[in-house]
$ cat start_26.cif   # mmCIF, C-alpha atoms
data_structure
loop_
_atom_site.label_atom_id
_atom_site.label_comp_id
_atom_site.auth_asym_id
_atom_site.auth_seq_id
_atom_site.Cartn_x
_atom_site.Cartn_y
_atom_site.Cartn_z
CA MET C 237 -91.53 32.35 -37.65
CA VAL C 238 -92.75 33.27 -41.14
CA LYS C 239 -95.15 36.19 -40.95
CA GLN C 240 -98.52 35.98 -42.73
CA VAL C 241 -99.22 39.19 -44.62
CA GLN C 242 -102.75 38.49 -45.92
CA ASP C 243 -105.57 35.96 -45.94
CA ALA C 244 -106.39 33.49 -48.70
CA TYR C 245 -109.99 32.97 -49.78
CA ILE C 246 -111.75 30.25 -51.74
CA VAL C 247 -113.96 31.72 -54.46
CA ALA C 248 -114.76 28.53 -56.39
CA ALA C 249 -114.71 24.80 -55.62
CA THR C 250 -115.82 21.99 -57.87
CA ARG C 251 -115.26 18.33 -58.62
CA THR C 252 -116.10 15.61 -61.09
CA PRO C 253 -118.53 12.86 -60.23
CA VAL C 254 -116.52 10.02 -58.69
CA GLY C 255 -116.42 6.78 -60.67
CA LYS C 256 -115.66 3.27 -59.49
CA ALA C 257 -112.34 1.75 -60.51
CA PRO C 258 -111.23 -0.17 -62.45
CA ARG C 259 -114.37 -0.91 -64.46
CA GLY C 260 -116.57 2.08 -63.73
CA MET C 261 -118.04 4.92 -65.72
CA MET C 262 -114.79 6.94 -65.82
CA ARG C 263 -112.35 4.13 -66.53
CA HIS C 264 -111.38 5.56 -69.94
CA VAL C 265 -111.09 9.21 -68.83
CA ARG C 266 -107.49 10.33 -68.53
CA PRO C 267 -106.61 12.00 -65.21
CA ASP C 268 -105.07 15.02 -66.95
CA ASP C 269 -108.34 15.46 -68.88
CA MET C 270 -110.30 15.23 -65.62
CA LEU C 271 -108.00 17.87 -64.18
CA ALA C 272 -108.39 20.20 -67.17
CA HIS C 273 -112.17 19.81 -66.90
CA VAL C 274 -112.39 20.86 -63.24
CA ILE C 275 -109.96 23.74 -63.75
CA ARG C 276 -112.14 25.10 -66.55
CA ARG C 277 -115.34 24.62 -64.55
CA ALA C 278 -113.87 26.17 -61.41
CA LEU C 279 -112.78 29.27 -63.31
CA ALA C 280 -116.22 29.47 -64.94
CA GLN C 281 -117.60 30.02 -61.44
CA VAL C 282 -115.53 33.21 -61.19
CA PRO C 283 -116.61 35.28 -64.20
CA GLY C 284 -114.38 38.21 -65.03
CA LEU C 285 -111.30 36.80 -63.35
CA ASP C 286 -108.26 37.39 -65.56
CA PRO C 287 -106.49 34.02 -66.13
CA ALA C 288 -103.27 35.91 -66.86
CA GLU C 289 -103.12 36.86 -63.17
CA ILE C 290 -103.05 33.21 -62.05
CA SER C 291 -99.62 32.49 -60.60
CA ASP C 292 -99.63 28.74 -60.25
CA VAL C 293 -101.59 25.48 -60.34
CA VAL C 294 -100.85 23.04 -57.50
CA VAL C 295 -102.21 19.51 -57.97
CA GLY C 296 -102.12 16.45 -55.73
CA CYS C 297 -101.69 12.91 -57.04
CA ALA C 298 -100.78 9.81 -55.03
CA PHE C 299 -99.17 7.90 -57.91
CA PRO C 300 -97.85 10.50 -60.36
CA GLU C 301 -96.74 8.20 -63.16
CA ALA C 302 -97.91 6.93 -66.55
CA GLN C 303 -101.12 8.79 -67.58
CA GLN C 304 -100.83 11.03 -64.52
CA GLY C 305 -97.08 11.60 -64.72
CA LEU C 306 -94.92 14.22 -66.46
CA ASN C 307 -96.03 17.01 -64.08
CA MET C 308 -99.75 16.56 -64.62
CA ALA C 309 -100.48 19.97 -63.05
CA ARG C 310 -98.74 21.86 -65.83
CA ILE C 311 -100.23 19.64 -68.52
CA GLY C 312 -103.74 19.97 -67.05
CA ALA C 313 -103.38 23.75 -66.86
CA MET C 314 -102.39 23.96 -70.51
CA LEU C 315 -105.15 21.57 -71.60
CA ALA C 316 -107.59 23.78 -69.71
CA GLY C 317 -106.52 26.70 -71.88
CA LEU C 318 -104.65 28.70 -69.25
CA PRO C 319 -101.95 31.10 -70.51
CA ASP C 320 -98.43 29.76 -70.89
CA THR C 321 -97.40 32.13 -68.11
CA VAL C 322 -99.25 30.03 -65.50
CA GLY C 323 -97.02 27.53 -63.73
CA GLY C 324 -97.90 24.07 -62.48
CA ILE C 325 -96.56 21.67 -59.86
CA THR C 326 -97.69 18.15 -58.99
CA ILE C 327 -97.28 17.13 -55.35
CA ASN C 328 -97.57 13.83 -53.50
CA ARG C 329 -98.38 13.04 -49.91
CA TYR C 330 -100.53 10.03 -50.79
CA CYS C 331 -104.12 10.46 -49.59
CA SER C 332 -103.64 14.02 -48.30
CA SER C 333 -102.19 15.30 -51.58
CA GLY C 334 -105.36 17.18 -52.52
CA ILE C 335 -105.68 19.06 -49.23
CA ASN C 336 -101.92 19.69 -49.25
CA ALA C 337 -102.39 21.33 -52.65
CA VAL C 338 -104.94 23.69 -51.08
CA GLN C 339 -102.51 24.40 -48.23
CA ILE C 340 -99.60 25.19 -50.55
CA ALA C 341 -101.76 27.41 -52.76
CA ALA C 342 -103.14 29.27 -49.74
CA ASP C 343 -99.73 29.74 -48.15
CA ARG C 344 -98.29 31.28 -51.32
CA ILE C 345 -101.10 33.83 -51.18
CA ARG C 346 -100.79 34.38 -47.42
CA LEU C 347 -97.07 35.11 -47.80
CA GLY C 348 -97.77 37.66 -50.51
CA GLU C 349 -96.04 35.63 -53.22
CA ALA C 350 -99.20 35.23 -55.31
CA ASP C 351 -102.72 36.59 -55.63
CA ILE C 352 -104.48 33.78 -57.53
CA VAL C 353 -103.60 30.09 -57.29
CA ILE C 354 -105.59 27.05 -58.37
CA ALA C 355 -105.34 23.98 -56.16
CA GLY C 356 -106.62 20.54 -57.02
CA GLY C 357 -106.16 16.83 -57.26
CA SER C 358 -106.68 14.14 -59.87
CA GLU C 359 -106.35 10.38 -59.74
CA SER C 360 -107.36 7.52 -62.01
CA MET C 361 -107.10 4.26 -60.12
CA SER C 362 -108.46 2.59 -63.27
CA MET C 363 -105.38 3.60 -65.26
CA VAL C 364 -102.72 3.66 -62.54
CA PRO C 365 -103.27 0.92 -59.97
CA MET C 366 -102.74 1.08 -56.23
CA MET C 367 -98.98 1.10 -55.52
CA GLY C 368 -98.29 2.21 -59.12
CA ASN C 369 -97.14 0.22 -62.11
CA LYS C 370 -93.86 -0.92 -60.60
CA VAL C 371 -93.65 -1.54 -56.87
CA SER C 372 -90.09 -1.31 -55.58
CA LEU C 373 -89.74 -1.16 -51.80
CA ASN C 374 -86.35 -0.45 -50.27
CA PRO C 375 -84.89 -3.79 -49.04
CA ALA C 376 -83.77 -2.05 -45.84
CA ILE C 377 -87.42 -1.97 -44.78
CA PHE C 378 -87.27 -5.73 -44.25
CA ALA C 379 -83.91 -5.78 -42.46
CA GLY C 380 -85.44 -5.45 -38.99
CA ASP C 381 -88.58 -4.64 -37.05
CA GLU C 382 -87.99 -0.88 -36.89
CA ASN C 383 -89.37 -0.03 -40.36
CA TYR C 384 -91.28 -3.19 -41.17
CA GLY C 385 -94.62 -1.40 -40.81
CA ILE C 386 -93.88 0.59 -43.98
CA ALA C 387 -94.48 -2.59 -45.98
CA TYR C 388 -97.90 -3.28 -44.45
CA GLY C 389 -100.79 -3.08 -46.88
CA MET C 390 -103.48 -0.54 -46.00
CA GLY C 391 -105.98 -3.28 -45.19
CA LEU C 392 -103.65 -4.90 -42.70
CA THR C 393 -103.13 -1.57 -40.93
CA ALA C 394 -106.92 -1.27 -40.66
CA GLU C 395 -107.06 -4.71 -39.07
CA LYS C 396 -104.45 -3.63 -36.53
CA VAL C 397 -106.44 -0.49 -35.70
CA ALA C 398 -109.62 -2.54 -35.31
CA GLN C 399 -107.83 -4.86 -32.90
CA GLN C 400 -106.07 -2.16 -30.86
CA TRP C 401 -109.12 0.09 -30.58
CA SER C 402 -111.62 -2.78 -30.20
CA VAL C 403 -113.76 -1.82 -33.20
CA SER C 404 -116.11 -4.72 -33.87
CA ARG C 405 -117.14 -6.08 -37.26
CA GLU C 406 -120.74 -5.21 -36.44
CA ASP C 407 -119.86 -1.57 -35.76
CA GLN C 408 -117.81 -1.35 -38.94
CA ASP C 409 -120.66 -2.71 -41.05
CA ALA C 410 -123.19 -0.40 -39.41
CA PHE C 411 -120.89 2.55 -40.12
CA ALA C 412 -120.58 1.49 -43.76
CA LEU C 413 -124.35 1.21 -44.12
CA GLU C 414 -124.80 4.70 -42.71
CA SER C 415 -122.23 6.04 -45.18
CA HIS C 416 -124.33 4.72 -48.06
CA ARG C 417 -127.56 5.99 -46.50
CA ARG C 418 -126.22 9.51 -46.08
CA ALA C 419 -124.69 9.57 -49.56
CA LEU C 420 -127.92 8.43 -51.20
CA ALA C 421 -129.92 10.98 -49.21
CA ALA C 422 -127.53 13.71 -50.36
CA ILE C 423 -127.87 12.62 -53.99
CA GLU C 424 -131.67 12.51 -53.80
CA SER C 425 -131.86 15.95 -52.17
CA GLY C 426 -129.54 17.51 -54.78
CA ALA C 427 -126.93 18.33 -52.14
CA PHE C 428 -124.05 17.54 -54.53
CA THR C 429 -125.45 19.40 -57.54
CA GLY C 430 -123.62 22.67 -56.85
CA GLU C 431 -120.23 21.04 -56.34
CA ILE C 432 -120.25 18.55 -59.24
CA ALA C 433 -119.05 19.61 -62.68
CA PRO C 434 -120.89 17.23 -65.06
CA LEU C 435 -118.48 15.37 -67.28
CA GLU C 436 -119.15 14.06 -70.79
CA VAL C 437 -117.47 10.74 -71.49
CA GLU C 438 -117.11 8.89 -74.76
CA TYR C 439 -117.39 5.14 -75.12
CA ARG C 440 -116.26 3.29 -78.25
CA ARG C 441 -117.55 -0.18 -79.10
CA PRO C 442 -116.79 -2.29 -82.18
CA ASP C 443 -119.74 -3.23 -84.41
CA LEU C 444 -118.45 -6.39 -86.06
CA GLU C 445 -121.45 -6.79 -88.37
CA ARG C 446 -121.04 -3.32 -89.87
CA GLY C 447 -117.26 -3.27 -89.57
CA GLU C 448 -117.23 0.05 -87.75
CA VAL C 449 -116.71 1.57 -84.33
CA GLN C 450 -119.77 2.93 -82.59
CA VAL C 451 -119.28 6.08 -80.53
CA GLN C 452 -121.59 6.72 -77.62
CA ARG C 453 -121.53 9.75 -75.36
CA ARG C 454 -122.87 10.07 -71.86
CA THR C 455 -122.90 12.99 -69.43
CA LEU C 456 -121.99 11.95 -65.90
CA THR C 457 -123.65 13.93 -63.13
CA THR C 458 -123.72 11.61 -60.11
CA ASP C 459 -121.24 9.63 -58.04
CA GLU C 460 -121.21 5.97 -59.00
CA GLY C 461 -120.33 4.41 -55.66
CA PRO C 462 -123.41 4.66 -53.41
CA ARG C 463 -125.51 1.48 -53.55
CA ARG C 464 -129.22 1.39 -52.86
CA ASP C 465 -129.16 -2.35 -52.30
CA THR C 466 -126.70 -2.13 -49.39
CA THR C 467 -128.05 -3.85 -46.28
CA LEU C 468 -126.60 -4.80 -42.93
CA ASP C 469 -127.27 -8.44 -43.68
CA GLY C 470 -125.47 -8.20 -47.01
CA LEU C 471 -122.47 -6.48 -45.45
CA SER C 472 -122.27 -9.07 -42.69
CA ARG C 473 -122.03 -11.87 -45.25
CA LEU C 474 -118.93 -10.48 -46.97
CA LYS C 475 -115.69 -12.33 -46.35
CA THR C 476 -112.74 -10.57 -44.79
CA VAL C 477 -110.08 -9.52 -47.29
CA PHE C 478 -106.84 -9.00 -45.41
CA ASP C 479 -107.02 -11.38 -42.43
CA ALA C 480 -108.95 -14.64 -42.36
CA LYS C 481 -109.83 -14.02 -38.71
CA GLY C 482 -110.18 -10.26 -39.08
CA SER C 483 -113.08 -7.86 -39.58
CA VAL C 484 -112.17 -5.62 -42.54
CA THR C 485 -114.09 -6.36 -45.76
CA ALA C 486 -114.60 -4.73 -49.12
CA GLY C 487 -117.94 -3.49 -47.78
CA ASN C 488 -116.54 -1.55 -44.83
CA SER C 489 -113.54 -0.15 -46.73
CA SER C 490 -113.26 2.80 -49.12
CA GLN C 491 -113.80 2.16 -52.82
CA MET C 492 -111.07 2.44 -55.44
CA SER C 493 -112.12 5.38 -57.57
CA ASP C 494 -111.48 7.87 -60.36
CA GLY C 495 -112.05 11.60 -59.94
CA ALA C 496 -110.71 15.14 -59.73
CA GLY C 497 -111.39 18.37 -57.89
CA ALA C 498 -110.26 22.01 -58.15
CA VAL C 499 -110.37 25.06 -55.91
CA VAL C 500 -109.64 28.69 -56.82
CA LEU C 501 -107.93 30.70 -54.07
CA VAL C 502 -107.36 34.45 -54.15
CA SER C 503 -106.09 37.32 -52.03
CA GLU C 504 -108.22 40.12 -50.61
CA ARG C 505 -106.89 42.42 -53.33
CA ILE C 506 -108.36 40.15 -55.99
CA LEU C 507 -111.65 40.00 -54.10
CA ARG C 508 -111.87 43.78 -54.29
CA GLN C 509 -110.53 44.13 -57.82
CA PHE C 510 -113.01 41.70 -59.36
CA ALA C 511 -115.85 42.23 -56.85
CA LEU C 512 -115.83 38.56 -55.85
CA THR C 513 -117.80 36.95 -53.04
CA PRO C 514 -115.63 34.57 -51.00
CA LEU C 515 -117.04 31.16 -50.14
CA ALA C 516 -114.54 30.41 -47.40
CA ARG C 517 -111.34 31.63 -45.76
CA TYR C 518 -108.40 29.27 -45.50
CA VAL C 519 -107.38 28.97 -41.84
CA THR C 520 -104.65 26.39 -41.26
CA PHE C 521 -103.24 22.94 -41.99
CA ALA C 522 -101.45 20.37 -39.83
CA VAL C 523 -99.75 17.05 -40.44
CA LYS C 524 -98.35 14.62 -37.87
CA GLY C 525 -96.88 11.14 -38.01
CA VAL C 526 -97.92 7.91 -36.31
CA ALA C 527 -96.59 4.35 -36.44
CA PRO C 528 -96.94 3.04 -40.03
CA GLU C 529 -98.68 -0.16 -38.94
CA ILE C 530 -101.57 1.86 -37.47
CA MET C 531 -101.56 4.59 -40.10
CA GLY C 532 -105.36 4.89 -40.02
CA ILE C 533 -105.31 6.59 -36.63
CA GLY C 534 -103.44 9.56 -38.13
CA PRO C 535 -106.30 12.10 -37.93
CA LYS C 536 -106.42 11.55 -34.16
CA VAL C 537 -103.15 13.48 -33.80
CA ALA C 538 -103.51 15.88 -36.74
CA MET C 539 -106.99 17.21 -35.89
CA PRO C 540 -106.17 18.57 -32.40
CA LEU C 541 -102.95 20.10 -33.73
CA ALA C 542 -104.80 21.94 -36.50
CA CYS C 543 -107.40 23.20 -34.04
CA ALA C 544 -104.68 24.42 -31.67
CA GLN C 545 -103.04 26.32 -34.54
CA ALA C 546 -106.39 27.90 -35.38
CA GLY C 547 -107.12 28.75 -31.75
CA ILE C 548 -110.34 26.73 -31.70
CA ALA C 549 -111.63 23.54 -30.08
CA LEU C 550 -112.73 20.37 -31.87
CA GLY C 551 -116.27 21.21 -30.77
CA ASP C 552 -116.12 24.42 -32.80
CA LEU C 553 -116.03 22.43 -36.04
CA GLY C 554 -119.47 22.50 -37.61
CA TRP C 555 -118.64 19.96 -40.34
CA ILE C 556 -115.84 17.39 -40.53
CA GLU C 557 -114.95 15.58 -43.74
CA LEU C 558 -113.12 12.60 -42.23
CA ASN C 559 -111.99 10.38 -45.07
CA GLU C 560 -113.34 6.87 -44.56
CA ALA C 561 -110.33 4.88 -45.70
CA PHE C 562 -111.78 2.11 -43.54
CA ALA C 563 -114.69 2.07 -41.12
CA ALA C 564 -112.32 0.68 -38.46
CA GLN C 565 -110.00 3.69 -38.51
CA ALA C 566 -112.76 6.28 -38.88
CA LEU C 567 -114.58 4.87 -35.85
CA ALA C 568 -111.37 4.68 -33.81
CA VAL C 569 -110.63 8.35 -34.51
CA MET C 570 -114.19 9.44 -33.78
CA ARG C 571 -114.31 7.57 -30.49
CA ASP C 572 -110.92 8.70 -29.23
CA LEU C 573 -111.65 12.35 -30.01
CA GLU C 574 -115.32 12.07 -28.94
CA LEU C 575 -116.51 13.57 -32.23
CA ASP C 576 -120.21 14.16 -32.79
CA PRO C 577 -121.23 11.58 -35.46
CA ALA C 578 -123.80 14.03 -36.85
CA ARG C 579 -121.01 16.45 -37.79
CA VAL C 580 -118.78 13.83 -39.40
CA ASN C 581 -119.43 13.20 -43.11
CA PRO C 582 -123.05 14.42 -43.11
CA ASN C 583 -123.31 13.56 -46.83
CA GLY C 584 -121.58 10.20 -46.55
CA GLY C 585 -117.95 9.32 -46.96
CA ALA C 586 -115.46 7.32 -48.98
CA ILE C 587 -117.02 3.93 -48.20
CA ALA C 588 -119.99 5.03 -50.31
CA LEU C 589 -118.64 7.93 -52.37
CA GLY C 590 -115.19 6.56 -53.20
CA HIS C 591 -111.61 7.57 -52.55
CA PRO C 592 -109.54 8.60 -55.61
CA LEU C 593 -106.44 8.87 -53.43
CA GLY C 594 -104.56 12.08 -54.23
CA ALA C 595 -107.72 13.81 -55.48
CA THR C 596 -109.79 13.16 -52.35
CA GLY C 597 -108.61 16.19 -50.38
CA ALA C 598 -109.62 18.59 -53.16
CA ILE C 599 -112.89 16.75 -53.79
CA ARG C 600 -113.88 16.79 -50.14
CA THR C 601 -112.92 20.46 -49.88
CA ALA C 602 -115.62 21.13 -52.48
CA THR C 603 -118.06 18.99 -50.49
CA LEU C 604 -117.25 20.85 -47.25
CA VAL C 605 -117.63 24.31 -48.76
CA HIS C 606 -120.85 23.61 -50.64
CA GLY C 607 -122.28 21.36 -47.93
CA MET C 608 -122.02 23.94 -45.17
CA ARG C 609 -123.26 26.76 -47.37
CA ASN C 610 -126.21 24.66 -48.60
CA ARG C 611 -127.28 24.18 -44.99
CA GLY C 612 -126.74 27.81 -44.10
CA GLN C 613 -123.85 26.94 -41.79
CA LYS C 614 -121.10 29.44 -41.13
CA GLY C 615 -117.96 28.93 -39.12
CA TYR C 616 -115.26 26.29 -39.12
CA GLY C 617 -115.08 23.06 -41.09
CA MET C 618 -112.31 20.51 -41.53
CA VAL C 619 -111.01 18.09 -44.16
CA THR C 620 -108.91 15.33 -42.59
CA MET C 621 -107.54 11.92 -43.47
CA CYS C 622 -105.04 9.21 -42.62
CA ILE C 623 -102.03 8.76 -44.90
CA GLY C 624 -100.01 5.74 -45.98
CA THR C 625 -96.73 5.04 -44.12
CA GLY C 626 -98.25 6.54 -40.98
CA MET C 627 -99.44 10.16 -41.01
CA GLY C 628 -102.54 12.21 -40.44
CA ALA C 629 -103.47 15.51 -42.09
CA ALA C 630 -106.11 18.12 -41.29
CA GLY C 631 -107.04 21.39 -42.97
CA ILE C 632 -109.43 23.99 -41.54
CA LEU C 633 -111.58 26.43 -43.49
CA GLU C 634 -113.91 29.14 -42.24
CA ILE C 635 -117.15 29.18 -44.23
CA LEU C 636 -118.30 32.77 -44.80
#
$ encode --input "start_26.cif" --output "structure tokens"
Amino acid sequence: MVKQVQDAYIVAATRTPVGKAPRGMMRHVRPDDMLAHVIRRALAQVPGLDPAEISDVVVGCAFPEAQQGLNMARIGAMLAGLPDTVGGITINRYCSSGINAVQIAADRIRLGEADIVIAGGSESMSMVPMMGNKVSLNPAIFAGDENYGIAYGMGLTAEKVAQQWSVSREDQDAFALESHRRALAAIESGAFTGEIAPLEVEYRRPDLERGEVQVQRRTLTTDEGPRRDTTLDGLSRLKTVFDAKGSVTAGNSSQMSDGAGAVVLVSERILRQFALTPLARYVTFAVKGVAPEIMGIGPKVAMPLACAQAGIALGDLGWIELNEAFAAQALAVMRDLELDPARVNPNGGAIALGHPLGATGAIRTATLVHGMRNRGQKGYGMVTMCIGTGMGAAGILEIL
């Protein structure tokens, strides 16, 4: 067993507002620019920290190609103005990429290999579509029943979870409505203000009469996804998307989104050297596989494993950021594990706030840290999600 030599602490956590894809407010913002923005803003929260002491930048991305290819982590670090001595690595475990980035950064510190590491995630679903620009599944997947589930679309896996776990359409729609209600309440109360790094975007429009291009600038401060006009009646009228006789709709599924998040992790030596106040201590991370065709149930097996590694019970978690890929899978996990709904996504989830794939883990880490501290909560919190091809991931932090 590898021996841990020190703890890793989060001293800054921030994110962009999350925009709707593919035609939302951030559709023209490059993912490497989003990444550079949150890196700069995260470091600004730690005045006096010497950037030359940063060892690495670890960034999650679910589809690292095109505008978010070419090792976006290194490019984002350089665009953010970090010294050339700072490394960068882009990682991919689909939807858990962002929380995996936090795990890798923390483990490098815990092993004594580094003292300062930035972890993050960035994804533009406006620029790089779901499944990427060129889908090329291995033909062997279709050769028999053994691996056929790998080819299932995410929506179809949600339908299978809804069927197996008897999650009704009515319950899914009610869950979706509550996600919007909580998100809107958080926005109105200013709960997200401390975690969001406002982002200035530039829009260019042709003026044919004058023969010139008009440039307009707008500062984005709020997530675009939550809808005030969401009603149970409206949700119930939506047609199913993946199965004509199913129950999964666009209204009870996560939104395609654009966004980025960044977290600064340091060792205890750095805390002392720069007189920093830690926001949270990294505790542990777990990942476990499930059948690909019911991938949404993944957190059900990852969450207990993470808690066992931390030596705590599920009931000890004061706040759980359970990514709402679909209402069906979120409800199935919550019911099987008997989770307290009040502790799950208190500020709303991906159905309202969006799900920029590989960035979500880093974004929701910022929400967890700031959310618990805003409410004066100390103790354990978790970021967890299901993962394409059949996995679940869960990371635990201790809010200080």
$ closest_residue --input "start_26.cif" --among "C:Arg329, C:Lys370, C:Lys239, C:Arg600" --to "Val254 in chain C" --atoms "all atoms listed in the file"
C:Arg600
$ resolve_selection --input "start_26.cif" --expression "the PyMOL selection byres ((chain C and resi 283) around 12)" --output "list in words"
Val247, Ala248, Arg276, Arg277, Ala278, Leu279, Ala280, Gln281, Val282, Gly284, Leu285, Asp286, Pro287, Phe510, Ala511, Leu512 and Thr513 of chain C
$ atom_distance --input "start_26.cif" --atom1 "CA of Glu406 in chain C" --atom2 "CA of Gly597 in chain C"
28.3 Å
$ residues_around --input "start_26.cif" --residues "range 381-394 of chain C" --least-positions-apart "5" --cutoff "9 Å" --atoms "all atoms listed in the file" --output "list in words"
Leu373, Ala376, Gln399, Val477, Phe478, Asp479, Val484, Thr485, Ser489, Ala527, Pro528, Glu529, Ile530, Met531, Gly532, Ile533, Ala561, Phe562, Ala563, Ala564, Gln565, Gly624, Thr625 and Gly626 of chain C
$ write_last_selection --input "start_26.cif" --atoms "C-alpha atoms" --output "PDB file, keeping the file's coordinate frame"
ATOM      1  CA  LEU C 373     -89.740  -1.160 -51.800  1.00  0.00           C
ATOM      2  CA  ALA C 376     -83.770  -2.050 -45.840  1.00  0.00           C
ATOM      3  CA  GLN C 399    -107.830  -4.860 -32.900  1.00  0.00           C
ATOM      4  CA  VAL C 477    -110.080  -9.520 -47.290  1.00  0.00           C
ATOM      5  CA  PHE C 478    -106.840  -9.000 -45.410  1.00  0.00           C
ATOM      6  CA  ASP C 479    -107.020 -11.380 -42.430  1.00  0.00           C
ATOM      7  CA  VAL C 484    -112.170  -5.620 -42.540  1.00  0.00           C
ATOM      8  CA  THR C 485    -114.090  -6.360 -45.760  1.00  0.00           C
ATOM      9  CA  SER C 489    -113.540  -0.150 -46.730  1.00  0.00           C
ATOM     10  CA  ALA C 527     -96.590   4.350 -36.440  1.00  0.00           C
ATOM     11  CA  PRO C 528     -96.940   3.040 -40.030  1.00  0.00           C
ATOM     12  CA  GLU C 529     -98.680  -0.160 -38.940  1.00  0.00           C
ATOM     13  CA  ILE C 530    -101.570   1.860 -37.470  1.00  0.00           C
ATOM     14  CA  MET C 531    -101.560   4.590 -40.100  1.00  0.00           C
ATOM     15  CA  GLY C 532    -105.360   4.890 -40.020  1.00  0.00           C
ATOM     16  CA  ILE C 533    -105.310   6.590 -36.630  1.00  0.00           C
ATOM     17  CA  ALA C 561    -110.330   4.880 -45.700  1.00  0.00           C
ATOM     18  CA  PHE C 562    -111.780   2.110 -43.540  1.00  0.00           C
ATOM     19  CA  ALA C 563    -114.690   2.070 -41.120  1.00  0.00           C
ATOM     20  CA  ALA C 564    -112.320   0.680 -38.460  1.00  0.00           C
ATOM     21  CA  GLN C 565    -110.000   3.690 -38.510  1.00  0.00           C
ATOM     22  CA  GLY C 624    -100.010   5.740 -45.980  1.00  0.00           C
ATOM     23  CA  THR C 625     -96.730   5.040 -44.120  1.00  0.00           C
ATOM     24  CA  GLY C 626     -98.250   6.540 -40.980  1.00  0.00           C
TER      25      GLY C 626
END
$ closest_residue --input "start_26.cif" --among "C:Leu515, C:Asp459, C:Tyr439, C:Leu501" --to "Glu289 in chain C" --atoms "all atoms listed in the file"
C:Leu501
$ atom_distance --input "start_26.cif" --atom1 "CA of Arg464 in chain C" --atom2 "CA of His273 in chain C"
28.8 Å
$ resolve_selection --input "start_26.cif" --expression "the PyMOL selection byres ((chain C and resi 543) around 12)" --output "NGL selection string"
:C and (519-523 or 535-542 or 544-553 or 616-620 or 629-633)
$ closest_residue --input "start_26.cif" --among "C:Ile377, C:Ala480, C:Ile623, C:Met308" --to "Gly525 in chain C" --atoms "only C-alpha atoms"
C:Ile623
$ closest_atom_pairs --input "start_26.cif" --of "range 492-582 of chain C" --to "range 413-434 of chain C" --cutoff "10 Å" --atoms "all atoms listed in the file" --output "Markdown table"
| residue | atom | partner | partner_atom | distance |
| --- | --- | --- | --- | --- |
| C:Ala496 | CA | C:Ala433 | CA | 9.9 |
| C:Gly497 | CA | C:Ile432 | CA | 9.0 |
| C:Glu560 | CA | C:Ser415 | CA | 9.0 |
| C:Ala563 | CA | C:Ser415 | CA | 9.4 |
| C:Asn581 | CA | C:Ser415 | CA | 8.0 |
| C:Pro582 | CA | C:Arg418 | CA | 6.6 |
$ atom_distance --input "start_26.cif" --atom1 "CA of Leu271 in chain C" --atom2 "CA of Arg346 in chain C"
24.6 Å
$ resolve_selection --input "start_26.cif" --expression "the PyMOL selection byres ((chain C and resi 368) around 12)" --output "ChimeraX atom specification"
/C:297-305,330,359-367,369-373,593
$ write_last_selection --input "start_26.cif" --atoms "C-alpha atoms" --output "PDB file, in the frame of the given file"
ATOM      1  CA  CYS C 297    -101.690  12.910 -57.040  1.00  0.00           C
ATOM      2  CA  ALA C 298    -100.780   9.810 -55.030  1.00  0.00           C
ATOM      3  CA  PHE C 299     -99.170   7.900 -57.910  1.00  0.00           C
ATOM      4  CA  PRO C 300     -97.850  10.500 -60.360  1.00  0.00           C
ATOM      5  CA  GLU C 301     -96.740   8.200 -63.160  1.00  0.00           C
ATOM      6  CA  ALA C 302     -97.910   6.930 -66.550  1.00  0.00           C
ATOM      7  CA  GLN C 303    -101.120   8.790 -67.580  1.00  0.00           C
ATOM      8  CA  GLN C 304    -100.830  11.030 -64.520  1.00  0.00           C
ATOM      9  CA  GLY C 305     -97.080  11.600 -64.720  1.00  0.00           C
ATOM     10  CA  TYR C 330    -100.530  10.030 -50.790  1.00  0.00           C
ATOM     11  CA  GLU C 359    -106.350  10.380 -59.740  1.00  0.00           C
ATOM     12  CA  SER C 360    -107.360   7.520 -62.010  1.00  0.00           C
ATOM     13  CA  MET C 361    -107.100   4.260 -60.120  1.00  0.00           C
ATOM     14  CA  SER C 362    -108.460   2.590 -63.270  1.00  0.00           C
ATOM     15  CA  MET C 363    -105.380   3.600 -65.260  1.00  0.00           C
ATOM     16  CA  VAL C 364    -102.720   3.660 -62.540  1.00  0.00           C
ATOM     17  CA  PRO C 365    -103.270   0.920 -59.970  1.00  0.00           C
ATOM     18  CA  MET C 366    -102.740   1.080 -56.230  1.00  0.00           C
ATOM     19  CA  MET C 367     -98.980   1.100 -55.520  1.00  0.00           C
ATOM     20  CA  ASN C 369     -97.140   0.220 -62.110  1.00  0.00           C
ATOM     21  CA  LYS C 370     -93.860  -0.920 -60.600  1.00  0.00           C
ATOM     22  CA  VAL C 371     -93.650  -1.540 -56.870  1.00  0.00           C
ATOM     23  CA  SER C 372     -90.090  -1.310 -55.580  1.00  0.00           C
ATOM     24  CA  LEU C 373     -89.740  -1.160 -51.800  1.00  0.00           C
ATOM     25  CA  LEU C 593    -106.440   8.870 -53.430  1.00  0.00           C
TER      26      LEU C 593
END
$ residues_around --input "start_26.cif" --residues "Arg508 in chain C" --least-positions-apart "5" --cutoff "12 Å" --atoms "only C-alpha atoms" --output "NGL selection string"
:C and (245 or 285 or 351 or 502-503 or 513-514)
$ closest_residue --input "start_26.cif" --among "C:Lys256, C:Arg453, C:His606, C:His264" --to "Ile587 in chain C" --atoms "all atoms listed in the file"
C:Lys256
$ closest_residue --input "start_26.cif" --among "C:Val437, C:Gly495, C:Ala412, C:Ser404" --to "Gly470 in chain C" --atoms "all atoms listed in the file"
C:Ala412
